[in-house]
$ cat structure_24.csv   # CSV, C-alpha atoms
chain,number,residue,atom,x,y,z
A,98,MET,CA,-65.0,-121.7,-27.4
A,99,GLU,CA,-61.4,-122.6,-26.8
A,100,THR,CA,-60.6,-124.6,-30.0
A,101,SER,CA,-60.8,-123.3,-33.5
A,102,GLN,CA,-63.3,-125.9,-34.3
A,103,ARG,CA,-66.8,-124.7,-34.9
A,104,GLU,CA,-69.2,-125.3,-32.0
A,105,PHE,CA,-72.4,-125.9,-33.9
A,106,GLU,CA,-73.4,-127.7,-37.0
A,107,LEU,CA,-76.6,-127.6,-39.0
A,108,VAL,CA,-77.8,-131.1,-39.9
A,109,ILE,CA,-80.1,-131.1,-42.9
A,110,THR,CA,-82.1,-134.2,-43.7
A,111,ILE,CA,-84.3,-134.7,-46.7
A,112,VAL,CA,-86.9,-137.5,-46.4
A,113,ASN,CA,-90.0,-138.5,-48.1
A,114,ARG,CA,-93.0,-136.6,-46.8
A,115,GLY,CA,-94.4,-138.1,-43.6
A,116,PHE,CA,-91.1,-139.4,-42.3
A,117,SER,CA,-89.9,-136.3,-40.4
A,118,GLY,CA,-91.3,-138.0,-37.3
A,119,GLU,CA,-88.9,-140.9,-37.7
A,120,VAL,CA,-86.0,-138.5,-38.3
A,121,MET,CA,-86.8,-136.5,-35.2
A,122,ASP,CA,-87.3,-139.6,-33.1
A,123,ALA,CA,-83.9,-140.9,-34.1
A,124,ALA,CA,-82.2,-137.5,-33.7
A,125,LYS,CA,-83.7,-136.9,-30.3
A,126,ALA,CA,-82.6,-140.4,-29.1
A,127,ALA,CA,-79.1,-139.3,-30.1
A,128,GLY,CA,-79.3,-136.0,-28.2
A,129,ALA,CA,-81.0,-133.5,-30.4
A,130,THR,CA,-83.4,-131.1,-28.6
A,131,GLY,CA,-85.6,-130.0,-31.5
A,132,GLY,CA,-85.8,-129.4,-35.2
A,133,THR,CA,-87.7,-127.5,-37.8
A,134,VAL,CA,-89.5,-129.2,-40.7
A,135,LEU,CA,-90.1,-127.6,-44.1
A,136,TYR,CA,-92.2,-129.1,-46.9
A,137,ALA,CA,-90.5,-129.5,-50.2
A,138,ARG,CA,-90.8,-131.1,-53.6
A,139,GLY,CA,-88.1,-133.4,-54.9
A,140,THR,CA,-86.9,-133.2,-58.5
A,141,GLY,CA,-84.5,-136.1,-58.8
A,142,ILE,CA,-84.1,-138.1,-62.0
A,143,HIS,CA,-85.7,-141.2,-60.8
A,144,GLU,CA,-88.3,-139.5,-58.7
A,145,ALA,CA,-90.9,-138.2,-61.1
A,146,GLU,CA,-93.3,-140.9,-61.9
A,147,GLN,CA,-95.8,-141.0,-64.7
A,148,PHE,CA,-99.2,-142.0,-63.3
A,149,PHE,CA,-102.0,-142.3,-65.8
A,150,GLY,CA,-100.0,-139.9,-68.0
A,151,ILE,CA,-99.7,-137.4,-65.2
A,152,THR,CA,-96.3,-136.7,-63.7
A,153,ILE,CA,-96.4,-137.1,-60.0
A,154,GLN,CA,-93.7,-135.0,-58.2
A,155,PRO,CA,-92.5,-136.7,-55.0
A,156,GLU,CA,-93.2,-134.7,-51.9
A,157,LYS,CA,-90.4,-134.3,-49.4
A,158,GLU,CA,-89.7,-132.9,-46.0
A,159,VAL,CA,-86.5,-131.1,-45.1
A,160,VAL,CA,-85.6,-131.3,-41.5
A,161,LEU,CA,-83.2,-128.7,-40.0
A,162,ILE,CA,-81.5,-129.6,-36.8
A,163,LEU,CA,-79.0,-127.3,-35.1
A,164,THR,CA,-76.7,-129.3,-33.0
A,165,LYS,CA,-73.4,-129.2,-31.1
A,166,HIS,CA,-70.4,-130.4,-33.0
A,167,GLU,CA,-69.8,-133.3,-30.5
A,168,THR,CA,-73.3,-134.7,-30.9
A,169,ARG,CA,-73.5,-134.3,-34.7
A,170,ASN,CA,-72.0,-137.7,-35.6
A,171,ALA,CA,-74.3,-139.6,-33.3
A,172,ILE,CA,-77.3,-137.7,-34.6
A,173,MET,CA,-76.4,-138.3,-38.2
A,174,LYS,CA,-75.7,-142.0,-37.6
A,175,ALA,CA,-79.0,-142.3,-35.8
A,176,ILE,CA,-80.9,-140.6,-38.7
A,177,CYS,CA,-79.2,-142.9,-41.2
A,178,LYS,CA,-80.3,-145.9,-39.3
A,179,GLY,CA,-83.8,-144.7,-38.5
A,180,ALA,CA,-84.7,-143.0,-41.8
A,181,GLY,CA,-81.8,-143.5,-44.1
A,182,LEU,CA,-81.7,-144.6,-47.8
A,183,THR,CA,-82.3,-148.2,-46.9
A,184,THR,CA,-85.5,-147.4,-45.1
A,185,GLU,CA,-88.9,-146.3,-46.3
A,186,GLY,CA,-88.2,-142.7,-45.6
A,187,HIS,CA,-85.3,-142.7,-48.1
A,188,GLY,CA,-83.6,-140.0,-46.1
A,189,LEU,CA,-80.3,-138.4,-46.8
A,190,SER,CA,-78.6,-136.1,-44.5
A,191,PHE,CA,-75.6,-133.7,-44.5
A,192,SER,CA,-74.3,-131.0,-42.2
A,193,LEU,CA,-73.2,-127.5,-42.8
A,194,PRO,CA,-70.8,-125.5,-40.6
A,195,VAL,CA,-72.5,-122.8,-38.5
A,196,ASP,CA,-70.7,-119.7,-37.4
A,197,ASP,CA,-72.7,-117.3,-35.3
A,198,VAL,CA,-75.4,-118.7,-33.2
A,199,MET,CA,-78.0,-116.9,-31.1
A,200,GLY,CA,-81.0,-118.3,-29.2
A,201,ILE,CA,-80.1,-121.7,-28.0
A,202,VAL,CA,-79.3,-120.9,-24.4
A,203,HIS,CA,-81.2,-124.0,-23.2
A,204,MET,CA,-79.0,-126.3,-25.3
A,205,GLY,CA,-76.4,-128.1,-23.3
A,206,ARG,CA,-77.1,-126.3,-20.1
A,207,GLY,CA,-78.6,-129.2,-18.1
A,208,ASP,CA,-76.1,-131.9,-19.1
B,34,MET,CA,-62.3,-99.8,-58.7
B,35,ALA,CA,-59.2,-99.4,-56.6
B,36,GLU,CA,-60.7,-100.4,-53.2
B,37,PRO,CA,-61.3,-104.0,-52.5
B,38,VAL,CA,-65.0,-104.6,-52.7
B,39,HIS,CA,-65.3,-108.3,-52.2
B,40,LYS,CA,-66.6,-108.9,-48.8
B,41,LYS,CA,-67.4,-112.3,-47.5
B,42,ILE,CA,-71.1,-113.0,-47.3
B,43,LYS,CA,-73.0,-115.6,-45.2
B,44,MET,CA,-76.4,-116.9,-45.1
B,45,LEU,CA,-78.3,-115.8,-42.0
B,46,ILE,CA,-81.0,-118.3,-41.0
B,47,THR,CA,-83.5,-117.1,-38.5
B,48,ILE,CA,-86.2,-119.4,-37.2
B,49,VAL,CA,-89.0,-117.7,-35.3
B,50,ASP,CA,-92.7,-118.3,-34.5
B,51,ARG,CA,-95.1,-117.6,-37.3
B,52,GLU,CA,-96.5,-114.5,-35.7
B,53,ASN,CA,-93.1,-112.8,-35.3
B,54,GLY,CA,-91.9,-113.6,-38.8
B,55,GLU,CA,-93.0,-110.3,-40.4
B,56,ASP,CA,-91.6,-108.2,-37.6
B,57,VAL,CA,-88.2,-109.9,-37.9
B,58,VAL,CA,-88.1,-109.4,-41.7
B,59,ARG,CA,-89.0,-105.7,-41.2
B,60,ALA,CA,-86.2,-105.4,-38.7
B,61,LEU,CA,-83.8,-107.1,-41.1
B,62,ARG,CA,-84.8,-104.8,-43.8
B,63,ARG,CA,-84.1,-101.8,-41.5
B,64,GLU,CA,-80.6,-103.3,-41.1
B,65,GLY,CA,-80.1,-103.2,-44.8
B,66,LEU,CA,-80.8,-106.8,-45.6
B,67,HIS,CA,-83.2,-106.6,-48.5
B,68,TYR,CA,-83.2,-110.1,-49.7
B,69,ASN,CA,-85.1,-112.2,-47.3
B,70,MET,CA,-86.9,-115.4,-48.0
B,71,MET,CA,-89.6,-116.7,-45.6
B,72,LEU,CA,-90.3,-120.4,-45.6
B,73,MET,CA,-93.1,-121.9,-43.6
B,74,GLY,CA,-91.8,-124.5,-41.2
B,75,ARG,CA,-93.0,-126.6,-38.2
B,76,GLY,CA,-91.1,-126.8,-35.0
B,77,THR,CA,-90.5,-130.3,-33.5
B,78,ALA,CA,-89.4,-129.6,-30.0
B,79,SER,CA,-90.8,-132.3,-27.7
B,80,SER,CA,-94.0,-131.5,-25.9
B,81,GLU,CA,-92.5,-131.7,-22.4
B,82,LEU,CA,-89.8,-129.3,-23.5
B,83,LEU,CA,-92.5,-127.0,-24.9
B,84,ASP,CA,-94.2,-127.1,-21.5
B,85,ILE,CA,-91.1,-126.3,-19.6
B,86,LEU,CA,-90.4,-123.4,-22.0
B,87,GLY,CA,-94.0,-122.3,-21.9
B,88,LEU,CA,-94.4,-122.6,-25.6
B,89,GLY,CA,-97.5,-123.7,-27.5
B,90,GLU,CA,-96.7,-122.4,-30.9
B,91,THR,CA,-94.9,-124.8,-33.2
B,92,GLU,CA,-95.6,-123.1,-36.5
B,93,LYS,CA,-92.5,-121.4,-37.6
B,94,TYR,CA,-91.0,-119.1,-40.2
B,95,VAL,CA,-87.6,-120.0,-41.5
B,96,ILE,CA,-86.1,-116.8,-42.8
B,97,LEU,CA,-83.1,-117.0,-45.1
B,98,SER,CA,-81.2,-113.8,-45.7
B,99,PHE,CA,-77.8,-112.9,-47.0
B,100,ILE,CA,-75.5,-110.9,-44.9
B,101,ALA,CA,-72.1,-109.3,-45.3
B,102,GLU,CA,-69.8,-110.6,-42.7
B,103,GLU,CA,-69.1,-107.3,-41.1
B,104,LYS,CA,-72.7,-106.7,-40.4
B,105,ILE,CA,-73.2,-109.9,-38.5
B,106,PRO,CA,-72.5,-108.6,-34.9
B,107,GLN,CA,-74.8,-105.7,-35.4
B,108,VAL,CA,-77.7,-107.7,-36.8
B,109,MET,CA,-77.2,-110.4,-34.2
B,110,GLN,CA,-77.3,-107.8,-31.5
B,111,MET,CA,-80.5,-106.3,-32.9
B,112,LEU,CA,-82.1,-109.8,-33.1
B,113,GLU,CA,-81.0,-110.4,-29.5
B,114,SER,CA,-82.3,-107.2,-28.0
B,115,ASP,CA,-85.4,-106.5,-30.2
B,116,HIS,CA,-86.7,-110.0,-30.6
B,117,ASP,CA,-85.5,-111.6,-27.4
B,118,LEU,CA,-83.7,-114.4,-29.0
B,119,ARG,CA,-81.6,-114.7,-25.9
B,120,GLU,CA,-84.7,-115.9,-24.1
B,121,ALA,CA,-85.1,-119.6,-24.6
B,122,GLY,CA,-87.8,-120.6,-27.0
B,123,ASN,CA,-88.2,-117.3,-28.8
B,124,GLY,CA,-86.4,-118.5,-31.9
B,125,ILE,CA,-82.9,-119.0,-33.1
B,126,ALA,CA,-80.6,-117.3,-35.5
B,127,PHE,CA,-77.3,-118.6,-37.0
B,128,THR,CA,-75.1,-118.1,-40.0
B,129,VAL,CA,-73.8,-120.5,-42.6
B,130,PRO,CA,-70.8,-119.6,-44.8
B,131,VAL,CA,-71.6,-119.2,-48.5
B,132,GLY,CA,-69.3,-121.1,-50.7
B,133,SER,CA,-69.9,-119.4,-54.0
B,134,VAL,CA,-72.2,-117.0,-55.7
B,135,GLY,CA,-73.3,-117.0,-59.3
B,136,GLY,CA,-71.9,-113.8,-60.8
B,137,PRO,CA,-70.5,-110.5,-59.7
B,138,ARG,CA,-73.8,-108.7,-59.9
B,139,THR,CA,-75.4,-111.3,-57.7
B,140,LEU,CA,-72.6,-110.9,-55.2
B,141,ALA,CA,-72.9,-107.2,-55.3
B,142,PHE,CA,-76.6,-107.4,-54.7
B,143,LEU,CA,-76.4,-110.0,-52.0
B,144,SER,CA,-73.7,-108.1,-50.1
B,145,GLN,CA,-75.6,-104.9,-50.2
B,146,LEU,CA,-72.8,-103.4,-52.2
B,147,MET,CA,-75.2,-102.0,-54.7
B,148,GLU,CA,-77.0,-99.8,-52.2
B,149,ARG,CA,-73.7,-98.6,-50.7
B,150,LEU,CA,-72.3,-97.6,-54.1
B,151,LYS,CA,-75.6,-96.0,-55.1
B,152,GLU,CA,-75.5,-94.0,-51.9
B,153,GLU,CA,-72.0,-92.8,-52.6
B,154,GLY,CA,-73.2,-91.9,-56.1
B,155,LYS,CA,-70.7,-94.2,-57.8
B,156,VAL,CA,-73.2,-96.1,-59.8
B,157,HIS,CA,-76.6,-95.2,-61.2
B,158,GLY,CA,-78.6,-98.4,-61.5
B,159,ASN,CA,-75.7,-100.2,-63.1
B,160,ILE,CA,-72.9,-101.8,-61.3
B,161,SER,CA,-69.6,-100.8,-62.8
B,162,LYS,CA,-67.5,-103.3,-64.6
B,163,GLY,CA,-64.5,-103.5,-62.3
B,164,ILE,CA,-66.3,-105.3,-59.6

$ encode --input "structure_24.csv" --output "structure tokens"
Amino acid sequence: METSQREFELVITIVNRGFSGEVMDAAKAAGATGGTVLYARGTGIHEAEQFFGITIQPEKEVVLILTKHETRNAIMKAICKGAGLTTEGHGLSFSLPVDDVMGIVHMGRGD
Amino acid sequence: MAEPVHKKIKMLITIVDRENGEDVVRALRREGLHYNMMLMGRGTASSELLDILGLGETEKYVILSFIAEEKIPQVMQMLESDHDLREAGNGIAFTVPVGSVGGPRTLAFLSQLMERLKEEGKVHGNISKGI
């Protein structure tokens, strides 16, 4: 790495459960090679709904995508478009800086 | 405490196949990382990619650990050699900087300072005030 800029970023997307497919489709179209999905439970203020007197907690999926710095913007834009807050998936995504990476030798080799 | 004890810590995120999760955590423990969280995850690499890489398994463990910065090369080396992370498809490991930690005891715990001080006999169960 010749610049001081970080090479990799971790894009985290939180969507309603069942919409990780949309997230991955959008991300892959923008150049991501894969991701990891975790199941989670949201606890936002507007999220918990009373349903016949029982509180229903919204179920979420957290999608982790490790990506090159250059492709991060395209991926995040694609996710926003494909599964963003205006869509049914109500996805929001953010990225974290990543420092030491091991195990993605196949990424960026063929292109 | 005269010596500077605040070391930077980072979060080490390791994503491996479900069957290797326990092994990796055991190995991390041997390296002195005692606080590991295992989350069950699902890989989403495309099927043609899975075929190319010879992978069938998509059930993953996402392991979150806290690591003192100076330990990173050693632990990465261990993950590389003992768990074949260099080999494509065997999993990935990366670190994310930690912005802040809630409280000095927590920081001491997460950066393995507690054990180090205990080994040196400087504290006995309690972390000293100066930290």

$ atom_distance --input "structure_24.csv" --atom1 "atom CA of B:Ser144" --atom2 "atom CA of B:Val95"
20.2 Å

$ residues_around --input "structure_24.csv" --residues "A:Ala124" --least-positions-apart "5" --cutoff "8 Å" --atoms "only C-alpha atoms" --output "VMD selection string"
chain A and resid 129 172 to 173 175 to 176

$ closest_atom_pairs --input "structure_24.csv" --of "chain B" --to "chain A" --cutoff "12 Å" --atoms "only C-alpha atoms" --output "JSON lines"
{"residue": "B:Ile42", "atom": "CA", "partner": "A:Asp196", "partner_atom": "CA", "distance": 12.0}
{"residue": "B:Lys43", "atom": "CA", "partner": "A:Asp196", "partner_atom": "CA", "distance": 9.1}
{"residue": "B:Met44", "atom": "CA", "partner": "A:Val195", "partner_atom": "CA", "distance": 9.7}
{"residue": "B:Leu45", "atom": "CA", "partner": "A:Asp197", "partner_atom": "CA", "distance": 8.9}
{"residue": "B:Ile46", "atom": "CA", "partner": "A:Val198", "partner_atom": "CA", "distance": 9.6}
{"residue": "B:Thr47", "atom": "CA", "partner": "A:Met199", "partner_atom": "CA", "distance": 9.2}
{"residue": "B:Ile48", "atom": "CA", "partner": "A:Thr133", "partner_atom": "CA", "distance": 8.3}
{"residue": "B:Val49", "atom": "CA", "partner": "A:Gly200", "partner_atom": "CA", "distance": 10.1}
{"residue": "B:Asp50", "atom": "CA", "partner": "A:Thr133", "partner_atom": "CA", "distance": 11.0}
{"residue": "B:Met71", "atom": "CA", "partner": "A:Leu135", "partner_atom": "CA", "distance": 11.0}
{"residue": "B:Leu72", "atom": "CA", "partner": "A:Leu135", "partner_atom": "CA", "distance": 7.4}
{"residue": "B:Met73", "atom": "CA", "partner": "A:Leu135", "partner_atom": "CA", "distance": 6.5}
{"residue": "B:Gly74", "atom": "CA", "partner": "A:Leu135", "partner_atom": "CA", "distance": 4.6}
{"residue": "B:Arg75", "atom": "CA", "partner": "A:Val134", "partner_atom": "CA", "distance": 5.0}
{"residue": "B:Gly76", "atom": "CA", "partner": "A:Thr133", "partner_atom": "CA", "distance": 4.5}
{"residue": "B:Thr77", "atom": "CA", "partner": "A:Gly132", "partner_atom": "CA", "distance": 5.1}
{"residue": "B:Ala78", "atom": "CA", "partner": "A:Gly131", "partner_atom": "CA", "distance": 4.1}
{"residue": "B:Ser79", "atom": "CA", "partner": "A:Gly131", "partner_atom": "CA", "distance": 6.8}
{"residue": "B:Ser80", "atom": "CA", "partner": "A:Gly131", "partner_atom": "CA", "distance": 10.2}
{"residue": "B:Glu81", "atom": "CA", "partner": "A:Thr130", "partner_atom": "CA", "distance": 11.0}
{"residue": "B:Leu82", "atom": "CA", "partner": "A:Thr130", "partner_atom": "CA", "distance": 8.4}
{"residue": "B:Leu83", "atom": "CA", "partner": "A:Gly131", "partner_atom": "CA", "distance": 10.0}
{"residue": "B:Ile85", "atom": "CA", "partner": "A:His203", "partner_atom": "CA", "distance": 10.8}
{"residue": "B:Leu86", "atom": "CA", "partner": "A:His203", "partner_atom": "CA", "distance": 9.3}
{"residue": "B:Thr91", "atom": "CA", "partner": "A:Thr133", "partner_atom": "CA", "distance": 9.0}
{"residue": "B:Glu92", "atom": "CA", "partner": "A:Thr133", "partner_atom": "CA", "distance": 9.1}
{"residue": "B:Lys93", "atom": "CA", "partner": "A:Thr133", "partner_atom": "CA", "distance": 7.8}
{"residue": "B:Tyr94", "atom": "CA", "partner": "A:Thr133", "partner_atom": "CA", "distance": 9.3}
{"residue": "B:Val95", "atom": "CA", "partner": "A:Thr133", "partner_atom": "CA", "distance": 8.4}
{"residue": "B:Ile96", "atom": "CA", "partner": "A:Leu135", "partner_atom": "CA", "distance": 11.6}
{"residue": "B:Ile100", "atom": "CA", "partner": "A:Asp197", "partner_atom": "CA", "distance": 11.9}
{"residue": "B:Glu102", "atom": "CA", "partner": "A:Asp197", "partner_atom": "CA", "distance": 10.4}
{"residue": "B:Lys104", "atom": "CA", "partner": "A:Asp197", "partner_atom": "CA", "distance": 11.8}
{"residue": "B:Ile105", "atom": "CA", "partner": "A:Asp197", "partner_atom": "CA", "distance": 8.1}
{"residue": "B:Pro106", "atom": "CA", "partner": "A:Asp197", "partner_atom": "CA", "distance": 8.7}
{"residue": "B:Gln107", "atom": "CA", "partner": "A:Asp197", "partner_atom": "CA", "distance": 11.8}
{"residue": "B:Val108", "atom": "CA", "partner": "A:Met199", "partner_atom": "CA", "distance": 10.8}
{"residue": "B:Met109", "atom": "CA", "partner": "A:Met199", "partner_atom": "CA", "distance": 7.2}
{"residue": "B:Gln110", "atom": "CA", "partner": "A:Met199", "partner_atom": "CA", "distance": 9.1}
{"residue": "B:Met111", "atom": "CA", "partner": "A:Met199", "partner_atom": "CA", "distance": 11.0}
{"residue": "B:Leu112", "atom": "CA", "partner": "A:Met199", "partner_atom": "CA", "distance": 8.4}
{"residue": "B:Glu113", "atom": "CA", "partner": "A:Met199", "partner_atom": "CA", "distance": 7.3}
{"residue": "B:Ser114", "atom": "CA", "partner": "A:Met199", "partner_atom": "CA", "distance": 11.1}
{"residue": "B:His116", "atom": "CA", "partner": "A:Gly200", "partner_atom": "CA", "distance": 10.2}
{"residue": "B:Asp117", "atom": "CA", "partner": "A:Gly200", "partner_atom": "CA", "distance": 8.3}
{"residue": "B:Leu118", "atom": "CA", "partner": "A:Gly200", "partner_atom": "CA", "distance": 4.7}
{"residue": "B:Arg119", "atom": "CA", "partner": "A:Gly200", "partner_atom": "CA", "distance": 4.9}
{"residue": "B:Glu120", "atom": "CA", "partner": "A:Gly200", "partner_atom": "CA", "distance": 6.7}
{"residue": "B:Ala121", "atom": "CA", "partner": "A:Val202", "partner_atom": "CA", "distance": 5.9}
{"residue": "B:Gly122", "atom": "CA", "partner": "A:Gly200", "partner_atom": "CA", "distance": 7.5}
{"residue": "B:Asn123", "atom": "CA", "partner": "A:Gly200", "partner_atom": "CA", "distance": 7.3}
{"residue": "B:Gly124", "atom": "CA", "partner": "A:Gly200", "partner_atom": "CA", "distance": 6.0}
{"residue": "B:Ile125", "atom": "CA", "partner": "A:Gly200", "partner_atom": "CA", "distance": 4.4}
{"residue": "B:Ala126", "atom": "CA", "partner": "A:Met199", "partner_atom": "CA", "distance": 5.1}
{"residue": "B:Phe127", "atom": "CA", "partner": "A:Val198", "partner_atom": "CA", "distance": 4.2}
{"residue": "B:Thr128", "atom": "CA", "partner": "A:Asp197", "partner_atom": "CA", "distance": 5.3}
{"residue": "B:Val129", "atom": "CA", "partner": "A:Val195", "partner_atom": "CA", "distance": 4.9}
{"residue": "B:Pro130", "atom": "CA", "partner": "A:Pro194", "partner_atom": "CA", "distance": 7.2}
{"residue": "B:Val131", "atom": "CA", "partner": "A:Pro194", "partner_atom": "CA", "distance": 10.1}
{"residue": "B:Gly132", "atom": "CA", "partner": "A:Leu193", "partner_atom": "CA", "distance": 10.9}

$ closest_residue --input "structure_24.csv" --among "A:Gly141, A:Gly186, A:Gly179, A:Gly128" --to "A:Ile111" --atoms "all atoms listed in the file"
A:Gly186

$ residues_around --input "structure_24.csv" --residues "A:Phe191" --least-positions-apart "5" --cutoff "8 Å" --atoms "all atoms listed in the file" --output "PyMOL selection string"
chain A and resi 108-110+173

$ atom_distance --input "structure_24.csv" --atom1 "atom CA of A:His187" --atom2 "atom CA of A:Asn113"
6.3 Å

$ decode --input "structure_24.csv" --residues "stretch 134-182 of chain A" --atoms "C-alpha atoms" --output "PDB file, in the first residue's frame"
ATOM      1  CA  VAL A 134     -25.166 -12.139   7.567  1.00  0.00           C
ATOM      2  CA  LEU A 135     -25.952 -12.024  11.283  1.00  0.00           C
ATOM      3  CA  TYR A 136     -29.391 -12.152  12.808  1.00  0.00           C
ATOM      4  CA  ALA A 137     -30.250  -9.398  15.214  1.00  0.00           C
ATOM      5  CA  ARG A 138     -33.076  -7.702  17.026  1.00  0.00           C
ATOM      6  CA  GLY A 139     -33.727  -3.995  16.627  1.00  0.00           C
ATOM      7  CA  THR A 140     -34.609  -1.807  19.599  1.00  0.00           C
ATOM      8  CA  GLY A 141     -35.330   1.580  18.027  1.00  0.00           C
ATOM      9  CA  ILE A 142     -37.957   3.878  19.517  1.00  0.00           C
ATOM     10  CA  HIS A 143     -40.474   3.491  16.731  1.00  0.00           C
ATOM     11  CA  GLU A 144     -39.776  -0.128  16.160  1.00  0.00           C
ATOM     12  CA  ALA A 145     -41.420  -1.994  19.009  1.00  0.00           C
ATOM     13  CA  GLU A 146     -45.079  -2.509  18.207  1.00  0.00           C
ATOM     14  CA  GLN A 147     -47.844  -3.493  20.519  1.00  0.00           C
ATOM     15  CA  PHE A 148     -49.770  -6.312  18.964  1.00  0.00           C
ATOM     16  CA  PHE A 149     -52.721  -7.581  20.963  1.00  0.00           C
ATOM     17  CA  GLY A 150     -50.979  -6.254  24.030  1.00  0.00           C
ATOM     18  CA  ILE A 151     -47.761  -8.103  23.245  1.00  0.00           C
ATOM     19  CA  THR A 152     -44.660  -6.175  22.279  1.00  0.00           C
ATOM     20  CA  ILE A 153     -43.248  -7.393  18.996  1.00  0.00           C
ATOM     21  CA  GLN A 154     -39.548  -6.749  18.584  1.00  0.00           C
ATOM     22  CA  PRO A 155     -38.526  -6.158  15.008  1.00  0.00           C
ATOM     23  CA  GLU A 156     -36.156  -8.708  13.610  1.00  0.00           C
ATOM     24  CA  LYS A 157     -33.154  -7.462  11.706  1.00  0.00           C
ATOM     25  CA  GLU A 158     -30.256  -8.733   9.722  1.00  0.00           C
ATOM     26  CA  VAL A 159     -26.775  -7.265   9.954  1.00  0.00           C
ATOM     27  CA  VAL A 160     -24.718  -7.680   6.799  1.00  0.00           C
ATOM     28  CA  LEU A 161     -20.936  -7.378   7.032  1.00  0.00           C
ATOM     29  CA  ILE A 162     -19.110  -6.710   3.777  1.00  0.00           C
ATOM     30  CA  LEU A 163     -15.357  -6.287   3.701  1.00  0.00           C
ATOM     31  CA  THR A 164     -14.444  -4.241   0.668  1.00  0.00           C
ATOM     32  CA  LYS A 165     -11.632  -2.349  -0.964  1.00  0.00           C
ATOM     33  CA  HIS A 166     -11.608   1.348  -0.256  1.00  0.00           C
ATOM     34  CA  GLU A 167     -12.149   2.209  -3.937  1.00  0.00           C
ATOM     35  CA  THR A 168     -15.312   0.152  -4.290  1.00  0.00           C
ATOM     36  CA  ARG A 169     -16.837   1.153  -0.971  1.00  0.00           C
ATOM     37  CA  ASN A 170     -18.747   4.182  -2.234  1.00  0.00           C
ATOM     38  CA  ALA A 171     -20.259   2.318  -5.157  1.00  0.00           C
ATOM     39  CA  ILE A 172     -21.321  -0.523  -2.882  1.00  0.00           C
ATOM     40  CA  MET A 173     -22.870   1.786  -0.292  1.00  0.00           C
ATOM     41  CA  LYS A 174     -24.722   3.726  -2.964  1.00  0.00           C
ATOM     42  CA  ALA A 175     -26.026   0.516  -4.485  1.00  0.00           C
ATOM     43  CA  ILE A 176     -27.166  -0.726  -1.068  1.00  0.00           C
ATOM     44  CA  CYS A 177     -28.927   2.575  -0.389  1.00  0.00           C
ATOM     45  CA  LYS A 178     -30.712   2.293  -3.690  1.00  0.00           C
ATOM     46  CA  GLY A 179     -31.548  -1.392  -3.454  1.00  0.00           C
ATOM     47  CA  ALA A 180     -32.359  -1.740   0.239  1.00  0.00           C
ATOM     48  CA  GLY A 181     -32.177   1.765   1.703  1.00  0.00           C
ATOM     49  CA  LEU A 182     -34.518   3.579   4.064  1.00  0.00           C
TER      50      LEU A 182
END
